[in-house]
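Next comes input_39.cif, a file with mmCIF, C-alpha atoms.
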```
data_entry
loop_
_atom_site.label_atom_id
_atom_site.label_comp_id
_atom_site.auth_asym_id
_atom_site.auth_seq_id
_atom_site.Cartn_x
_atom_site.Cartn_y
_atom_site.Cartn_z
CA MET A 14 -22.38 -15.32 55.60
CA MET A 15 -19.72 -12.90 54.51
CA ALA A 16 -20.49 -10.46 57.25
CA GLU A 17 -19.59 -13.00 59.88
CA CYS A 18 -16.18 -13.77 58.36
CA SER A 19 -15.29 -10.14 58.07
CA TRP A 20 -16.30 -9.63 61.68
CA LEU A 21 -13.77 -12.13 62.86
CA ALA A 22 -11.02 -10.65 60.74
CA LEU A 23 -11.67 -7.07 61.65
CA SER A 24 -12.47 -7.42 65.29
CA SER A 25 -8.90 -7.13 66.49
CA VAL A 26 -8.39 -3.93 64.54
CA SER A 27 -11.53 -2.29 65.77
CA SER A 28 -10.87 -3.37 69.31
CA ARG A 29 -7.77 -1.24 69.52
CA ARG A 30 -9.72 1.75 68.38
CA LEU A 31 -12.47 1.17 70.85
CA ILE A 32 -10.24 1.11 73.85
CA ARG A 33 -8.49 4.22 72.80
CA SER A 34 -11.23 6.55 72.05
CA VAL A 35 -14.73 5.74 73.20
CA PRO A 36 -15.54 8.00 76.10
CA CYS A 37 -15.92 6.43 79.46
CA HIS A 38 -18.84 7.62 81.52
CA VAL A 39 -18.00 5.69 84.58
CA GLN A 40 -17.44 7.49 87.85
CA PRO A 41 -14.34 6.96 89.95
CA PRO A 42 -12.82 4.50 90.86
CA ASN A 43 -11.36 4.97 87.46
CA ARG A 44 -12.46 1.98 85.57
CA CYS A 45 -13.54 1.61 82.02
CA SER A 46 -16.28 -0.86 81.52
CA LEU A 47 -16.13 -0.80 77.78
CA PHE A 48 -15.12 -3.88 75.88
CA SER A 49 -15.01 -4.52 72.20
CA ASN A 50 -15.09 -8.26 71.89
CA ARG A 51 -14.33 -11.39 73.69
CA HIS A 52 -10.80 -11.64 72.29
CA LEU A 53 -9.74 -8.52 74.05
CA LEU A 54 -7.17 -9.07 76.70
CA GLY A 55 -6.07 -6.74 79.38
CA PHE A 56 -8.73 -4.58 80.97
CA THR A 57 -8.00 -1.17 82.26
CA SER A 58 -9.64 -1.93 85.54
CA GLU A 59 -7.63 -3.34 88.38
CA ARG A 60 -10.53 -5.20 89.79
CA ARG A 61 -11.42 -8.68 88.83
CA GLU A 62 -14.34 -8.62 86.47
CA ARG A 63 -16.50 -11.30 85.02
CA LEU A 64 -17.84 -11.19 81.52
CA ARG A 65 -21.23 -12.50 80.85
CA PHE A 66 -22.32 -13.25 77.35
CA SER A 67 -25.90 -13.60 78.13
CA LEU A 68 -27.52 -12.35 74.96
CA LYS A 69 -29.52 -14.96 73.22
CA ALA A 70 -28.60 -15.78 69.64
CA SER A 71 -32.09 -14.83 68.53
CA PHE A 72 -31.63 -11.31 69.81
CA TRP A 73 -28.53 -10.77 67.68
CA GLU A 74 -30.28 -12.31 64.71
CA SER A 75 -33.05 -9.81 65.09
CA ILE A 76 -30.51 -6.99 65.14
CA ARG A 77 -28.75 -8.31 62.06
CA SER A 78 -31.93 -8.77 60.13
CA GLY A 79 -32.73 -5.14 60.64
CA PHE A 80 -29.73 -3.95 58.67
CA LYS A 81 -29.98 -3.09 55.03
CA LYS A 82 -28.65 -6.08 53.24
CA ASN A 83 -28.11 -4.22 50.02
CA SER A 84 -25.63 -1.79 51.47
CA ASN A 85 -22.22 -1.64 49.89
CA THR A 86 -20.43 -0.90 53.10
CA PRO A 87 -19.19 -3.92 54.95
CA LEU A 88 -21.09 -4.30 58.14
CA GLN A 89 -19.32 -5.29 61.27
CA ILE A 90 -21.26 -6.23 64.30
CA ILE A 91 -19.20 -6.29 67.40
CA GLU A 92 -20.32 -9.05 69.67
CA THR A 93 -20.02 -7.39 72.98
CA PRO A 94 -20.74 -8.86 76.32
CA SER A 95 -24.11 -7.69 77.34
CA THR A 96 -23.09 -6.92 80.85
CA ILE A 97 -20.03 -6.68 82.94
CA LEU A 98 -20.50 -7.80 86.47
CA GLN A 99 -18.26 -6.19 88.98
CA ASP A 100 -17.47 -8.45 91.87
CA GLU A 101 -18.64 -6.93 95.11
CA GLU A 102 -18.47 -3.65 93.34
CA VAL A 103 -21.97 -2.47 93.10
CA GLY A 104 -24.23 -2.12 96.09
CA GLU A 105 -27.88 -2.82 95.87
CA ASP A 106 -28.85 0.70 95.09
CA ALA A 107 -25.84 1.69 93.03
CA PRO A 108 -26.63 2.93 89.56
CA PHE A 109 -26.22 0.54 86.68
CA GLN A 110 -23.05 1.70 85.08
CA GLN A 111 -22.35 0.10 81.79
CA GLU A 112 -21.19 1.18 78.43
CA PHE A 113 -20.54 -0.86 75.36
CA VAL A 114 -20.72 -0.75 71.63
CA LEU A 115 -23.87 -2.22 70.21
CA VAL A 116 -23.15 -1.81 66.52
CA GLU A 117 -20.25 -0.67 64.42
CA THR A 118 -20.38 0.23 60.77
CA THR A 119 -17.80 1.47 58.34
CA LEU A 120 -19.20 4.22 56.18
CA GLU A 121 -18.36 4.69 52.54
CA ASP A 122 -15.67 7.24 53.25
CA GLY A 123 -13.98 4.87 55.65
CA THR A 124 -15.04 6.51 58.88
CA ILE A 125 -16.30 4.25 61.59
CA GLN A 126 -19.65 4.85 63.18
CA GLN A 127 -20.71 3.18 66.38
CA ILE A 128 -23.90 2.96 68.31
CA VAL A 129 -22.94 2.98 71.95
CA PHE A 130 -25.25 1.83 74.72
CA SER A 131 -24.76 3.51 78.05
CA SER A 132 -26.53 3.48 81.37
CA GLY A 133 -25.85 5.24 84.62
CA GLY A 134 -24.09 8.05 82.82
CA ASP A 135 -25.02 11.67 82.34
CA VAL A 136 -27.60 12.72 79.79
CA ASP A 137 -27.25 16.07 78.09
CA LEU A 138 -30.63 17.70 78.60
CA TYR A 139 -30.43 19.76 75.47
CA ASP A 140 -29.57 16.69 73.41
CA LEU A 141 -32.54 14.97 74.98
CA GLN A 142 -34.80 17.86 74.16
CA THR A 143 -33.62 17.75 70.53
CA LEU A 144 -34.34 14.05 70.43
CA CYS A 145 -37.83 14.54 71.87
CA ASP A 146 -38.45 17.22 69.26
CA LYS A 147 -37.46 14.79 66.51
CA VAL A 148 -39.99 12.22 67.62
CA GLY A 149 -42.64 14.87 68.06
CA TRP A 150 -43.09 14.82 71.80
CA PRO A 151 -44.25 17.98 73.53
CA ARG A 152 -41.55 19.94 75.30
CA ARG A 153 -41.22 19.75 79.04
CA PRO A 154 -39.38 22.16 81.36
CA LEU A 155 -35.73 21.14 81.50
CA THR A 156 -35.52 21.42 85.28
CA LYS A 157 -38.39 18.97 85.59
CA VAL A 158 -36.77 16.63 83.09
CA ALA A 159 -33.53 16.77 85.07
CA GLU A 160 -35.41 15.97 88.25
CA ALA A 161 -37.27 13.11 86.63
CA LEU A 162 -34.04 11.59 85.34
CA LYS A 163 -32.42 11.96 88.72
CA ASN A 164 -35.31 10.13 90.35
CA SER A 165 -35.33 7.34 87.83
CA TYR A 166 -33.85 4.05 88.86
CA MET A 167 -32.24 3.51 85.51
CA VAL A 168 -31.60 5.76 82.55
CA ALA A 169 -30.22 4.18 79.40
CA THR A 170 -29.03 5.98 76.31
CA LEU A 171 -27.88 5.23 72.80
CA HIS A 172 -25.33 7.48 71.18
CA SER A 173 -24.16 7.46 67.61
CA VAL A 174 -20.42 8.05 67.63
CA LYS A 175 -18.46 8.94 64.53
CA LYS A 176 -14.83 8.14 65.13
CA ALA A 177 -12.42 10.89 64.27
CA PRO A 178 -9.92 9.90 61.56
CA GLU A 179 -6.99 11.27 63.59
CA PRO A 180 -6.34 10.13 67.14
CA GLU A 181 -5.97 13.69 68.41
CA GLU A 182 -9.33 14.75 67.10
CA GLU A 183 -12.53 14.35 69.04
CA ASP A 184 -15.19 11.92 68.00
CA SER A 185 -18.56 13.37 67.21
CA LYS A 186 -21.33 12.08 69.36
CA GLN A 187 -25.09 12.32 69.03
CA LEU A 188 -27.86 11.12 71.30
CA VAL A 189 -30.09 8.82 69.29
CA GLY A 190 -32.07 6.90 71.86
CA MET A 191 -33.14 6.87 75.47
CA ALA A 192 -35.23 4.88 77.90
CA ARG A 193 -35.72 5.10 81.62
CA ALA A 194 -37.32 3.15 84.40
CA THR A 195 -38.64 4.06 87.82
CA SER A 196 -38.62 1.48 90.56
CA ASP A 197 -38.94 0.82 94.26
CA HIS A 198 -35.60 -1.00 94.08
CA ALA A 199 -37.22 -4.20 95.28
CA PHE A 200 -40.30 -5.47 93.50
CA ASN A 201 -41.64 -3.25 90.75
CA ALA A 202 -40.28 -1.21 87.90
CA THR A 203 -42.04 0.78 85.21
CA ILE A 204 -40.39 1.72 81.95
CA TRP A 205 -41.12 5.19 80.59
CA ASP A 206 -40.13 7.40 77.70
CA VAL A 207 -38.62 4.93 75.28
CA LEU A 208 -37.52 6.81 72.20
CA VAL A 209 -35.23 6.38 69.20
CA ASP A 210 -34.28 9.03 66.67
CA PRO A 211 -36.45 8.43 63.57
CA SER A 212 -33.35 8.31 61.36
CA TYR A 213 -32.07 5.40 63.40
CA GLN A 214 -35.30 3.48 63.69
CA GLY A 215 -35.85 0.19 61.98
CA GLN A 216 -32.48 -1.22 63.05
CA GLY A 217 -33.46 -2.95 66.24
CA LEU A 218 -32.06 -0.22 68.48
CA GLY A 219 -35.28 0.28 70.39
CA LYS A 220 -35.35 -3.44 71.02
CA ALA A 221 -31.78 -3.35 72.23
CA LEU A 222 -32.52 -0.49 74.61
CA VAL A 223 -35.46 -2.18 76.22
CA GLU A 224 -33.77 -5.58 76.26
CA GLN A 225 -30.85 -4.14 78.18
CA MET A 226 -33.14 -2.47 80.67
CA ILE A 227 -35.02 -5.68 81.29
CA ARG A 228 -31.79 -7.56 81.70
CA ALA A 229 -30.46 -5.07 84.21
CA LEU A 230 -33.69 -5.04 86.18
CA LEU A 231 -33.96 -8.81 86.32
CA ARG A 232 -30.36 -9.00 87.45
CA ARG A 233 -31.36 -6.80 90.34
CA ASP A 234 -34.13 -9.24 91.12
CA ILE A 235 -36.84 -6.77 90.25
CA GLY A 236 -39.31 -9.18 88.84
CA ASN A 237 -42.31 -7.03 88.04
CA ILE A 238 -41.41 -4.95 85.00
CA THR A 239 -44.28 -2.96 83.59
CA LEU A 240 -45.02 -0.20 81.15
CA PHE A 241 -47.88 1.55 79.38
CA ALA A 242 -47.90 1.24 75.63
CA ASP A 243 -49.67 3.21 72.95
CA ASN A 244 -51.75 1.07 70.65
CA LYS A 245 -49.18 1.41 67.89
CA VAL A 246 -46.37 -0.11 69.90
CA VAL A 247 -48.12 -2.87 71.80
CA GLU A 248 -46.85 -5.35 69.21
CA PHE A 249 -43.31 -4.07 69.59
CA TYR A 250 -43.38 -4.79 73.31
CA LYS A 251 -45.10 -8.11 72.86
CA ASN A 252 -42.13 -9.18 70.78
CA LEU A 253 -39.92 -8.30 73.69
CA GLY A 254 -41.80 -10.49 76.09
CA PHE A 255 -44.41 -8.14 77.48
CA GLU A 256 -48.00 -9.16 77.86
CA ALA A 257 -50.91 -6.76 77.62
CA ASP A 258 -53.57 -7.01 80.31
CA PRO A 259 -51.99 -10.05 81.96
CA GLU A 260 -54.72 -12.06 83.61
CA GLY A 261 -57.16 -9.33 82.71
CA ILE A 262 -55.32 -6.77 84.78
CA LYS A 263 -55.86 -3.35 83.25
CA GLY A 264 -53.75 -0.25 83.22
CA MET A 265 -55.74 2.68 84.54
CA PHE A 266 -55.04 6.41 84.45
CA TRP A 267 -56.40 9.13 86.70
CA TYR A 268 -58.49 11.57 84.64
CA PRO A 269 -56.50 11.24 81.42
CA LYS A 270 -56.85 13.99 78.86
CA LEU A 271 -58.37 12.24 75.88
CA MET B 19 -40.17 -2.41 58.24
CA MET B 20 -42.73 -0.56 60.26
CA GLN B 21 -41.58 2.86 61.31
CA TYR B 22 -42.67 3.84 64.76
CA HIS B 23 -43.34 7.42 65.60
CA ALA B 24 -41.54 6.69 68.80
CA PHE B 25 -41.14 3.53 70.78
CA LEU B 26 -43.78 4.93 72.90
CA SER B 27 -43.86 3.76 76.44
CA HIS B 28 -46.29 6.50 77.04
CA PRO B 29 -45.15 10.11 76.85
CA SER B 30 -46.10 11.14 80.31
CA SER B 31 -46.83 14.73 79.51
CA SER B 32 -49.71 13.97 77.18
CA VAL B 33 -51.88 12.73 80.02
CA CYS B 34 -53.13 15.54 82.20
CA PRO B 35 -56.03 15.94 84.56
CA ARG B 36 -59.01 17.88 83.34
CA LEU B 37 -60.06 18.81 86.82
CA SER B 38 -58.25 21.28 89.00
CA THR B 39 -56.04 19.84 91.67
CA SER B 40 -58.12 21.31 94.45
CA THR B 41 -61.21 19.32 93.57
CA ILE B 42 -60.49 16.26 95.61
CA LYS B 43 -59.37 17.96 98.82
CA SER B 44 -62.76 19.32 99.69
CA ASN B 45 -64.59 16.18 98.73
CA TYR B 46 -63.14 13.40 100.82
CA SER B 47 -65.63 10.59 101.36
CA ILE B 48 -64.65 10.45 105.01
CA SER B 49 -62.76 13.33 106.57
CA ASP B 50 -59.62 12.86 108.62
CA LYS B 51 -61.58 13.92 111.68
CA ASP B 52 -64.31 11.38 111.10
CA LEU B 53 -61.71 8.70 110.68
CA GLU B 54 -60.11 9.61 113.95
CA SER B 55 -63.40 9.51 115.75
CA ARG B 56 -63.83 5.98 114.45
CA GLY B 57 -60.44 5.00 115.78
CA PHE B 58 -58.34 5.26 112.63
CA TYR B 59 -55.32 7.45 112.04
CA LEU B 60 -54.02 8.39 108.64
CA ARG B 61 -50.28 7.97 108.26
CA ARG B 62 -47.93 8.98 105.53
CA THR B 63 -44.52 7.71 106.52
CA PRO B 64 -43.14 4.22 107.20
CA ASN B 65 -42.54 5.22 110.84
CA GLY B 66 -44.53 2.99 113.09
CA LEU B 67 -45.65 0.78 110.23
CA ASN B 68 -45.66 -2.78 111.48
CA LEU B 69 -44.12 -4.66 108.57
CA ALA B 70 -45.05 -8.07 109.88
CA GLU B 71 -48.65 -7.01 110.06
CA LEU B 72 -48.49 -5.51 106.58
CA ASN B 73 -47.18 -8.82 105.34
CA ASN B 74 -50.11 -10.52 107.06
CA ILE B 75 -52.53 -8.32 105.20
CA PHE B 76 -50.76 -9.06 101.92
CA ALA B 77 -51.12 -12.74 102.62
CA LYS B 78 -54.79 -12.38 103.56
CA VAL B 79 -55.65 -10.66 100.29
CA GLY B 80 -53.69 -13.17 98.26
CA PHE B 81 -50.34 -11.50 97.68
CA PRO B 82 -47.29 -13.64 98.25
CA ARG B 83 -45.56 -13.03 101.55
CA ARG B 84 -42.53 -10.86 101.03
CA ASP B 85 -39.10 -10.64 102.57
CA PRO B 86 -39.48 -7.87 105.20
CA ALA B 87 -36.05 -6.48 104.32
CA LYS B 88 -37.17 -6.07 100.73
CA VAL B 89 -40.45 -4.55 101.83
CA LEU B 90 -38.51 -1.96 103.79
CA ILE B 91 -36.40 -1.12 100.75
CA ALA B 92 -39.55 -0.83 98.67
CA LEU B 93 -41.11 1.52 101.20
CA GLU B 94 -38.04 3.68 101.40
CA ASN B 95 -38.05 4.03 97.65
CA SER B 96 -41.72 4.78 97.25
CA HIS B 97 -42.17 8.48 97.16
CA SER B 98 -45.68 8.42 98.57
CA ILE B 99 -47.23 6.16 101.15
CA VAL B 100 -50.62 6.39 102.79
CA TRP B 101 -51.80 3.95 105.41
CA VAL B 102 -54.51 3.73 108.01
CA GLU B 103 -53.59 2.76 111.53
CA ASP B 104 -56.06 1.16 113.88
CA THR B 105 -55.46 3.22 117.00
CA GLY B 106 -56.58 0.41 119.26
CA THR B 107 -53.93 -2.06 118.09
CA SER B 108 -51.46 0.32 116.36
CA LYS B 109 -51.61 -2.04 113.44
CA PRO B 110 -52.04 -1.05 109.80
CA VAL B 111 -55.43 -1.94 108.37
CA ALA B 112 -55.18 -0.29 104.97
CA PHE B 113 -52.22 0.66 102.84
CA ALA B 114 -51.14 1.99 99.47
CA ARG B 115 -47.98 3.37 98.00
CA ALA B 116 -46.83 5.07 94.80
CA ILE B 117 -43.59 4.87 92.89
CA GLY B 118 -42.47 7.38 90.33
CA ASP B 119 -40.03 10.00 89.24
CA GLY B 120 -41.47 12.63 91.53
CA VAL B 121 -42.26 14.99 88.66
CA PHE B 122 -44.27 13.46 85.83
CA ASN B 123 -45.38 9.91 86.54
CA ALA B 124 -46.51 7.77 89.42
CA VAL B 125 -47.74 4.20 89.61
CA VAL B 126 -49.83 3.13 92.58
CA TRP B 127 -48.99 -0.30 94.01
CA ASP B 128 -49.98 -2.63 96.80
CA VAL B 129 -53.36 -1.17 97.62
CA VAL B 130 -54.68 -3.39 100.39
CA VAL B 131 -57.34 -3.33 103.07
CA ASN B 132 -57.37 -5.97 105.77
CA PRO B 133 -60.39 -8.13 104.88
CA SER B 134 -61.71 -7.71 108.43
CA PHE B 135 -61.89 -3.97 107.80
CA GLN B 136 -63.22 -4.00 104.28
CA GLY B 137 -66.56 -2.56 103.37
CA ILE B 138 -66.33 0.59 105.44
CA GLY B 139 -64.68 2.84 102.88
CA LEU B 140 -61.04 2.64 103.91
CA GLY B 141 -59.84 1.77 100.42
CA LYS B 142 -61.47 4.87 99.04
CA VAL B 143 -60.01 6.96 101.87
CA ILE B 144 -56.53 5.76 101.02
CA ILE B 145 -56.75 6.34 97.29
CA GLU B 146 -58.29 9.79 97.69
CA ARG B 147 -55.41 10.89 99.90
CA LEU B 148 -52.73 9.26 97.79
CA VAL B 149 -53.97 10.89 94.60
CA ASP B 150 -54.15 14.21 96.40
CA ASP B 151 -50.61 13.88 97.71
CA LEU B 152 -49.36 13.09 94.21
CA LEU B 153 -51.25 15.99 92.69
CA SER B 154 -49.81 18.36 95.23
CA LEU B 155 -46.35 17.24 94.13
CA GLY B 156 -47.33 18.31 90.66
CA ILE B 157 -47.58 14.78 89.33
CA SER B 158 -50.44 14.59 86.90
CA ASN B 159 -49.86 11.18 85.38
CA ILE B 160 -51.17 8.84 88.07
CA THR B 161 -51.54 5.25 87.01
CA LEU B 162 -52.16 1.82 88.41
CA TYR B 163 -52.85 -1.75 87.38
CA ALA B 164 -56.21 -3.11 88.41
CA GLU B 165 -57.48 -6.66 88.63
CA PRO B 166 -60.76 -7.07 86.79
CA LYS B 167 -62.64 -7.28 90.10
CA VAL B 168 -61.55 -3.84 91.23
CA ILE B 169 -61.79 -1.86 88.03
CA GLY B 170 -65.22 -0.81 89.23
CA PHE B 171 -63.71 0.39 92.50
CA TYR B 172 -61.26 2.70 90.79
CA ARG B 173 -63.64 4.17 88.25
CA PRO B 174 -65.63 6.37 90.63
CA LEU B 175 -62.33 7.52 92.06
CA GLY B 176 -61.41 9.02 88.72
CA PHE B 177 -59.49 6.25 87.00
CA THR B 178 -60.06 5.17 83.42
CA ALA B 179 -58.90 1.89 81.92
CA ASP B 180 -57.03 1.89 78.61
CA PRO B 181 -57.57 5.56 77.80
CA ASP B 182 -57.12 6.09 74.08
CA GLY B 183 -56.17 2.47 73.72
CA ILE B 184 -53.10 2.71 75.92
CA LYS B 185 -52.33 -0.73 77.30
CA GLY B 186 -50.81 -1.70 80.58
CA MET B 187 -48.20 -4.36 79.95
CA ALA B 188 -46.04 -6.53 82.12
CA TYR B 189 -42.96 -8.56 81.31
CA SER B 190 -43.73 -12.21 81.71
CA THR B 191 -41.22 -14.38 83.44
CA LYS B 192 -41.52 -18.12 83.25
CA GLU B 193 -43.46 -18.43 86.45
CA LYS B 194 -46.82 -16.75 86.73
CA PRO B 195 -46.26 -13.00 86.59
CA ASN B 196 -46.39 -11.64 90.09
CA VAL B 197 -48.36 -8.73 88.86
CA ILE B 198 -50.81 -6.74 90.73
CA LEU B 199 -53.40 -8.04 93.07
CA LEU B 200 -55.08 -5.13 94.61
CA ILE B 201 -58.05 -5.51 96.85
CA THR B 202 -59.75 -8.84 96.90
CA LEU B 203 -63.28 -7.82 97.52
CA LYS B 204 -65.70 -10.17 99.10
CA LYS B 205 -68.43 -10.84 96.59
CA LYS B 206 -71.28 -9.61 98.73
CA ARG B 207 -69.64 -6.35 99.71
CA MET B 208 -68.44 -3.46 97.61
CA VAL B 209 -66.26 -0.71 98.98
CA VAL B 210 -68.31 2.43 98.68
#
```

Would you encode the structure as structure tokens?
Amino acid sequence: MMAECSWLALSSVSSRRLIRSVPCHVQPPNRCSLFSNRHLLGFTSERRERLRFSLKASFWESIRSGFKKNSNTPLQIIETPSTILQDEEVGEDAPFQQEFVLVETTLEDGTIQQIVFSSGGDVDLYDLQTLCDKVGWPRRPLTKVAEALKNSYMVATLHSVKKAPEPEEEDSKQLVGMARATSDHAFNATIWDVLVDPSYQGQGLGKALVEQMIRALLRRDIGNITLFADNKVVEFYKNLGFEADPEGIKGMFWYPKL
Amino acid sequence: MMQYHAFLSHPSSSVCPRLSTSTIKSNYSISDKDLESRGFYLRRTPNGLNLAELNNIFAKVGFPRRDPAKVLIALENSHSIVWVEDTGTSKPVAFARAIGDGVFNAVVWDVVVNPSFQGIGLGKVIIERLVDDLLSLGISNITLYAEPKVIGFYRPLGFTADPDGIKGMAYSTKEKPNVILLITLKKKRMVV
């Protein structure tokens, strides 16, 4: 397929750009866990890091199939490592700090737009509120939202980044997706609040978000990953490997407002 | 391609209690005092909780035995715990915990009563207190996963299964999902 050939040819060009300008949300020690593709040599980190390409081919296929095939703009999908494992770096309770580019497209005017996955970084509460407004969720007090995020075991975000044409200019960044999970750090985790900006839906981004969360949780040996799904999205989660009412076990709510 | 309104893993704020939060406090099935007179203490911290004994109870009700170090981590990261201590032996006889974000949502896990102490209302005692504790933190979205056998136990305590069609889901790993066994009730006895 033409897209694949162009990916190989363009990857080295885009990689340079990615290192230069995608913001790094990682806390000190000053390491940048962002990679563009497997051909990239020379990491900014001093520590030894292992790359793991653990995404299944079917997952990437499902992402690709979501893109408009009739588009005139050449589509480049950066095959990024799904996770970067830091040797001895992260303690058991340390936040999952990752950031990588999920998708990169070149728009008609030549600007590059990326969808960047990030976890363990900061979330702008106002951006989050705007996103919740877009999907029609009721507003919640920002202090409570901040507290809830702080108490969540993992918070993952998707940002749409439009690369500035000049190196000195700042990229424009917009929050387009979020998901979070609470956990006891040992056995159970529950995923809450999965949302994707309606203008970015239909591209497999929600899938990517949840997939990454599952991956991260399983890596931490948290085997029981649960969630509560509205009727409309039960199918979506089934396709990700979730089972409704496993063995007849039912989700129950205390005096829900119906 | 189907457009989703949101990839809704339940918006926690849309589920709120109809009843006021003070309802449960005055209506405990067995009061703390009564419990004490029967030789049971209510506890809310992991201090003094005999983990080996807790593991024994898990095993007795059909949970897998768990690595005590992991159990300790789980306890430390549960924001609410309620357990009943048998004053005679200082051992736990009933236990439950809740995990959440401390503001909007909580999920109740590992609700167990030692089979030798089932049938006297300890399960109900535990859940009543746990729900109350969560409500007093302001958490209104209290959830749990119930085996078919115990759905009837949770209903009179205020829990509804699949409200509005919302489904509890679990990620299945290749081995049998180690989901949620709660109380294994003996067929002839129901916890009242």

Point-to-point distance in Å for CA of Glu256 (chain A) and CA of Ala188 (chain B): 5.4 Å

Separation of CA of Tyr268 (chain A) from CA of Thr178 (chain B) in Å: 6.7 Å

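The closest residue to Glu165 (chain B), picked from B:Asp128, B:Glu103, B:Asp119, B:Glu94 and counting all atoms listed in the file, is B:Asp128.
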
For CA of Val114 (chain A) and CA of Glu179 (chain A), the interatomic separation in Å (one decimal):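 It comes out at 19.9 Å.
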
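Distances to chain A were evaluated for B:Val130, B:Ile138, B:Val79, B:Ile117 using all atoms listed in the file, and the minimum falls at B:Ile117.
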
Exercise: Leu90 (chain B) partners within 12 Å, only C-alpha atoms, chain neighbours under 5 positions left out, as a PyMOL selection string: (chain A and resi 197-200) or (chain B and resi 63-65+67-70+72-73+84-85+95-96)

Could you list, as a compact mmCIF listing (two decimals) with C-alpha atoms, keeping the file's coordinate frame, every residue matched by the PyMOL selection byres ((chain B and resi 186) around 12) in this structure?
```
# COMPACT_ATOMS: atom_id res chain seq x y z
CA THR A 203 -42.04 0.78 85.21
CA ILE A 204 -40.39 1.72 81.95
CA TRP A 205 -41.12 5.19 80.59
CA ILE A 238 -41.41 -4.95 85.00
CA THR A 239 -44.28 -2.96 83.59
CA LEU A 240 -45.02 -0.20 81.15
CA PHE A 241 -47.88 1.55 79.38
CA ALA A 242 -47.90 1.24 75.63
CA ASP A 243 -49.67 3.21 72.95
CA ASN A 244 -51.75 1.07 70.65
CA VAL A 246 -46.37 -0.11 69.90
CA VAL A 247 -48.12 -2.87 71.80
CA TYR A 250 -43.38 -4.79 73.31
CA LYS A 251 -45.10 -8.11 72.86
CA PHE A 255 -44.41 -8.14 77.48
CA GLU A 256 -48.00 -9.16 77.86
CA ALA A 257 -50.91 -6.76 77.62
CA ASP A 258 -53.57 -7.01 80.31
CA PRO A 259 -51.99 -10.05 81.96
CA GLU A 260 -54.72 -12.06 83.61
CA GLY A 261 -57.16 -9.33 82.71
CA ILE A 262 -55.32 -6.77 84.78
CA LYS A 263 -55.86 -3.35 83.25
CA GLY A 264 -53.75 -0.25 83.22
CA MET A 265 -55.74 2.68 84.54
CA PHE A 266 -55.04 6.41 84.45
CA SER B 27 -43.86 3.76 76.44
CA HIS B 28 -46.29 6.50 77.04
CA VAL B 125 -47.74 4.20 89.61
CA THR B 161 -51.54 5.25 87.01
CA LEU B 162 -52.16 1.82 88.41
CA TYR B 163 -52.85 -1.75 87.38
CA ALA B 164 -56.21 -3.11 88.41
CA GLU B 165 -57.48 -6.66 88.63
CA THR B 178 -60.06 5.17 83.42
CA ALA B 179 -58.90 1.89 81.92
CA ASP B 180 -57.03 1.89 78.61
CA PRO B 181 -57.57 5.56 77.80
CA ASP B 182 -57.12 6.09 74.08
CA GLY B 183 -56.17 2.47 73.72
CA ILE B 184 -53.10 2.71 75.92
CA LYS B 185 -52.33 -0.73 77.30
CA MET B 187 -48.20 -4.36 79.95
CA ALA B 188 -46.04 -6.53 82.12
CA TYR B 189 -42.96 -8.56 81.31
CA VAL B 197 -48.36 -8.73 88.86
CA ILE B 198 -50.81 -6.74 90.73
```

Selection result for the PyMOL selection byres ((chain A and resi 161) around 10) on this file, as JSON, numbers by chain: {"A": [155, 156, 157, 158, 159, 160, 162, 163, 164, 165, 166, 193, 195], "B": [118, 119, 120, 121, 122, 123]}

Polymer residues at most 12 Å from region 106-113 of chain B, all atoms listed in the file, same-chain spacing of 3 or more positions, as a PyMOL selection string: chain B and resi 54-76+78-79+93+98-103+116+126-145+147-148+200-201

Can you translate the PyMOL selection byres ((chain A and resi 170-177) around 6) into the concrete residues it hits in this file, as a PDB file with C-alpha atoms, keeping the file's coordinate frame?
```
ATOM      1  CA  ILE A 125     -16.300   4.250  61.590  1.00  0.00           C
ATOM      2  CA  GLN A 126     -19.650   4.850  63.180  1.00  0.00           C
ATOM      3  CA  GLN A 127     -20.710   3.180  66.380  1.00  0.00           C
ATOM      4  CA  ILE A 128     -23.900   2.960  68.310  1.00  0.00           C
ATOM      5  CA  VAL A 129     -22.940   2.980  71.950  1.00  0.00           C
ATOM      6  CA  PHE A 130     -25.250   1.830  74.720  1.00  0.00           C
ATOM      7  CA  SER A 131     -24.760   3.510  78.050  1.00  0.00           C
ATOM      8  CA  ALA A 169     -30.220   4.180  79.400  1.00  0.00           C
ATOM      9  CA  PRO A 178      -9.920   9.900  61.560  1.00  0.00           C
ATOM     10  CA  GLU A 179      -6.990  11.270  63.590  1.00  0.00           C
ATOM     11  CA  GLU A 182      -9.330  14.750  67.100  1.00  0.00           C
ATOM     12  CA  GLU A 183     -12.530  14.350  69.040  1.00  0.00           C
ATOM     13  CA  ASP A 184     -15.190  11.920  68.000  1.00  0.00           C
ATOM     14  CA  SER A 185     -18.560  13.370  67.210  1.00  0.00           C
ATOM     15  CA  LYS A 186     -21.330  12.080  69.360  1.00  0.00           C
ATOM     16  CA  GLN A 187     -25.090  12.320  69.030  1.00  0.00           C
ATOM     17  CA  LEU A 188     -27.860  11.120  71.300  1.00  0.00           C
ATOM     18  CA  VAL A 189     -30.090   8.820  69.290  1.00  0.00           C
ATOM     19  CA  GLY A 190     -32.070   6.900  71.860  1.00  0.00           C
ATOM     20  CA  MET A 191     -33.140   6.870  75.470  1.00  0.00           C
TER      21      MET A 191
END
```
